[in-house]
file protein-v4.txt (compact mmCIF, C-alpha atoms)
# COMPACT_ATOMS: atom_id res chain seq x y z
CA MET A 1 10.85 -20.05 63.66
CA ASP A 2 12.50 -17.99 60.96
CA GLU A 3 11.02 -14.61 60.56
CA GLN A 4 11.73 -12.73 57.39
CA GLN A 5 13.25 -9.35 57.89
CA GLN A 6 11.06 -6.54 56.56
CA PRO A 7 12.88 -4.25 54.08
CA ALA A 8 13.56 -0.73 55.24
CA ASP A 9 12.56 0.72 51.84
CA LEU A 10 12.02 -0.37 48.23
CA ASN A 11 15.71 0.00 47.39
CA ASP A 12 16.41 -2.97 49.65
CA VAL A 13 13.77 -5.00 47.78
CA PHE A 14 15.34 -4.36 44.36
CA LYS A 15 18.88 -5.13 45.59
CA ARG A 16 17.95 -8.72 46.29
CA PRO A 17 18.96 -11.24 43.62
CA ALA A 18 16.19 -12.60 41.42
CA ALA A 19 14.97 -16.12 42.00
CA PRO A 20 16.39 -18.63 39.51
CA PRO A 21 13.95 -19.89 36.85
CA PRO A 22 12.35 -23.24 37.56
CA PRO A 23 14.06 -26.22 35.91
CA PRO A 24 12.38 -27.69 32.82
CA PRO A 25 10.34 -30.85 33.25
CA PRO A 26 12.45 -34.00 32.97
CA GLY A 27 12.63 -35.59 29.53
CA TYR A 28 11.74 -32.44 27.58
CA PRO A 29 14.36 -30.21 25.94
CA PRO A 30 13.81 -26.50 26.19
CA ILE A 31 11.79 -24.97 23.38
CA GLY A 32 14.04 -24.04 20.48
CA ALA A 33 17.04 -26.04 21.76
CA ALA A 34 17.66 -27.69 18.39
CA ILE A 35 17.49 -24.37 16.57
CA ALA A 36 19.68 -22.63 19.12
CA ASN A 37 22.40 -25.26 18.64
CA ARG A 38 22.41 -24.74 14.85
CA ALA A 39 22.03 -20.97 14.83
CA ARG A 40 24.96 -18.70 14.14
CA PRO A 41 25.23 -15.44 16.02
CA VAL A 42 24.67 -12.38 13.85
CA SER A 43 26.81 -9.38 14.66
CA ALA A 44 24.93 -6.81 12.56
CA PRO A 45 22.11 -6.80 10.01
CA PRO A 46 23.11 -6.63 6.34
CA PRO A 47 23.48 -3.11 4.93
CA PHE A 48 20.46 -1.49 3.28
CA ASN A 49 21.28 -0.66 -0.32
CA GLY A 50 17.94 0.90 -1.24
CA PRO A 51 17.26 4.58 -1.77
CA SER A 52 17.43 6.98 1.14
CA GLY A 53 14.25 8.23 2.80
CA ASP A 54 13.79 11.43 0.77
CA GLY A 55 14.87 9.83 -2.50
CA PHE A 56 12.56 6.89 -1.97
CA ALA A 57 9.60 9.14 -1.14
CA GLN A 58 10.32 11.32 -4.16
CA SER A 59 10.63 8.34 -6.52
CA THR A 60 7.42 6.81 -5.14
CA TYR A 61 5.58 10.11 -5.52
CA GLU A 62 6.79 10.55 -9.09
CA SER A 63 5.86 7.00 -10.09
CA GLU A 64 2.35 7.38 -8.62
CA ARG A 65 1.95 10.73 -10.34
CA GLN A 66 3.03 9.26 -13.69
CA ALA A 67 0.59 6.36 -13.23
CA ALA A 68 -2.24 8.83 -12.50
CA ARG A 69 -1.36 10.85 -15.61
CA SER A 70 -1.42 7.72 -17.78
CA ARG A 71 -4.72 6.61 -16.26
CA ASN A 72 -6.31 10.05 -16.84
CA ILE A 73 -5.17 10.10 -20.47
CA THR A 74 -6.42 6.55 -21.10
CA VAL A 75 -9.82 7.04 -19.43
CA GLY A 76 -10.23 10.43 -21.10
CA LEU A 77 -9.54 9.08 -24.57
CA ILE A 78 -11.87 6.11 -24.07
CA MET A 79 -14.76 8.29 -22.85
CA LEU A 80 -14.22 10.86 -25.60
CA VAL A 81 -14.25 8.15 -28.29
CA VAL A 82 -17.34 6.50 -26.75
CA GLY A 83 -19.21 9.83 -26.75
CA ILE A 84 -18.25 10.58 -30.34
CA ALA A 85 -19.14 7.02 -31.43
CA ILE A 86 -22.59 7.16 -29.81
CA THR A 87 -23.27 10.52 -31.46
CA ALA A 88 -22.01 9.35 -34.87
CA LEU A 89 -23.93 6.06 -34.80
CA THR A 90 -27.24 7.60 -33.78
CA TYR A 91 -26.80 10.46 -36.30
CA ASP A 92 -26.08 7.97 -39.09
CA SER A 93 -29.15 5.94 -38.11
CA ALA A 94 -31.36 9.06 -38.01
CA SER A 95 -30.07 10.47 -41.30
CA SER A 96 -30.59 7.21 -43.20
CA SER A 97 -34.23 6.91 -42.17
CA PRO A 98 -36.76 8.27 -44.73
CA SER A 99 -38.63 10.38 -42.17
CA GLY A 100 -35.51 11.98 -40.66
CA GLY A 101 -35.54 10.65 -37.09
CA THR A 102 -33.79 11.77 -33.97
CA TYR A 103 -30.27 11.26 -32.76
CA ILE A 104 -28.37 11.55 -29.49
CA VAL A 105 -25.55 13.99 -28.91
CA ALA A 106 -23.66 12.24 -26.09
CA TRP A 107 -22.01 15.37 -24.77
CA GLY A 108 -21.64 14.02 -21.20
CA PRO A 109 -19.04 11.35 -22.03
CA MET A 110 -17.33 13.73 -24.46
CA VAL A 111 -16.97 16.52 -21.88
CA PHE A 112 -15.91 14.11 -19.13
CA GLY A 113 -13.39 12.48 -21.46
CA ALA A 114 -12.01 15.82 -22.64
CA ILE A 115 -11.56 17.03 -19.03
CA ARG A 116 -9.75 13.82 -18.01
CA LEU A 117 -7.62 13.91 -21.17
CA PHE A 118 -6.48 17.50 -20.62
CA LYS A 119 -5.96 16.84 -16.92
CA GLY A 120 -3.66 13.94 -17.81
CA LEU A 121 -1.81 15.92 -20.45
CA ALA A 122 -1.32 18.94 -18.16
CA GLY A 123 -0.45 16.89 -15.03
call {"tool": "encode", "arguments": {"input": "protein-v4.txt", "output": "structure tokens"}}
result
Amino acid sequence: MDEQQQPADLNDVFKRPAAPPPPPPPGYPPIGAAIANRARPVSAPPPFNGPSGDGFAQSTYESERQAARSRNITVGLIMLVVGIAITALTYDSASSSPSGGTYIVAWGPMVFGAIRLFKGLAG
């Protein structure tokens, strides 16, 4: 009866050779065998020709900042024009009525639009 010898310490355990992998089932090629036969070995990845880390971060930051400025100017102008248009239309309607009438001064959209416009222009 063969008795296995107990290792003296863990170093003896790790010095032993690893067991070979089990053979594949008969009739089946290993997974990826067809691709492995066609594949070419690659020695190194292609060089990266994009901007460096700091330059890329700076260019991304500047493009986002420019987009925010354009958006602030556009939204500001639209809101300012909407506020002025509401005020002008209701004033025209009130002034053309025989009894006078009331009109709306839409100062909320005008102030919001002016703030966004100046924020975009100053940005």
call {"tool": "atom_distance", "arguments": {"input": "protein-v4.txt", "atom1": "atom CA of A:Thr90", "atom2": "atom CA of A:Val75"}}
result
22.6 Å
call {"tool": "atom_distance", "arguments": {"input": "protein-v4.txt", "atom1": "atom CA of A:Leu89", "atom2": "atom CA of A:Val111"}}
result
18.0 Å
call {"tool": "closest_residue", "arguments": {"input": "protein-v4.txt", "among": "A:Thr87, A:Ile115, A:Ala57, A:Asn72", "to": "A:Thr102", "atoms": "only C-alpha atoms"}}
result
A:Thr87
call {"tool": "residues_around", "arguments": {"input": "protein-v4.txt", "residues": "A:Ala106", "least_positions_apart": "2", "cutoff": "10 Å", "atoms": "all atoms listed in the file", "output": "list in words"}}
result
Leu80, Val82, Gly83, Ile84, Ala85, Ile86, Thr87, Ala88, Thr90, Tyr103, Ile104, Gly108, Pro109, Met110 and Val111 of chain A
call {"tool": "axis_aligned_box", "arguments": {"input": "protein-v4.txt", "around": "stretch 62-68 of chain A", "padding_each_side": "4 Å", "output": "lines of an AutoDock Vina configuration file"}}
result
center_x = 2.3
center_y = 8.5
center_z = -11.2
size_x = 17.0
size_y = 12.4
size_z = 13.1
call {"tool": "residues_around", "arguments": {"input": "protein-v4.txt", "residues": "A:Ala122", "least_positions_apart": "5", "cutoff": "10 Å", "atoms": "only C-alpha atoms", "output": "list in words"}}
result
Arg69, Ile73, Arg116 and Leu117 of chain A
call {"tool": "residues_around", "arguments": {"input": "protein-v4.txt", "residues": "A:Arg65", "least_positions_apart": "4", "cutoff": "12 Å", "atoms": "all atoms listed in the file", "output": "ChimeraX atom specification"}}
result
/A:58-61,69-72,119-123
call {"tool": "atom_distance", "arguments": {"input": "protein-v4.txt", "atom1": "atom CA of A:Ala114", "atom2": "atom CA of A:Asp92"}}
result
23.0 Å
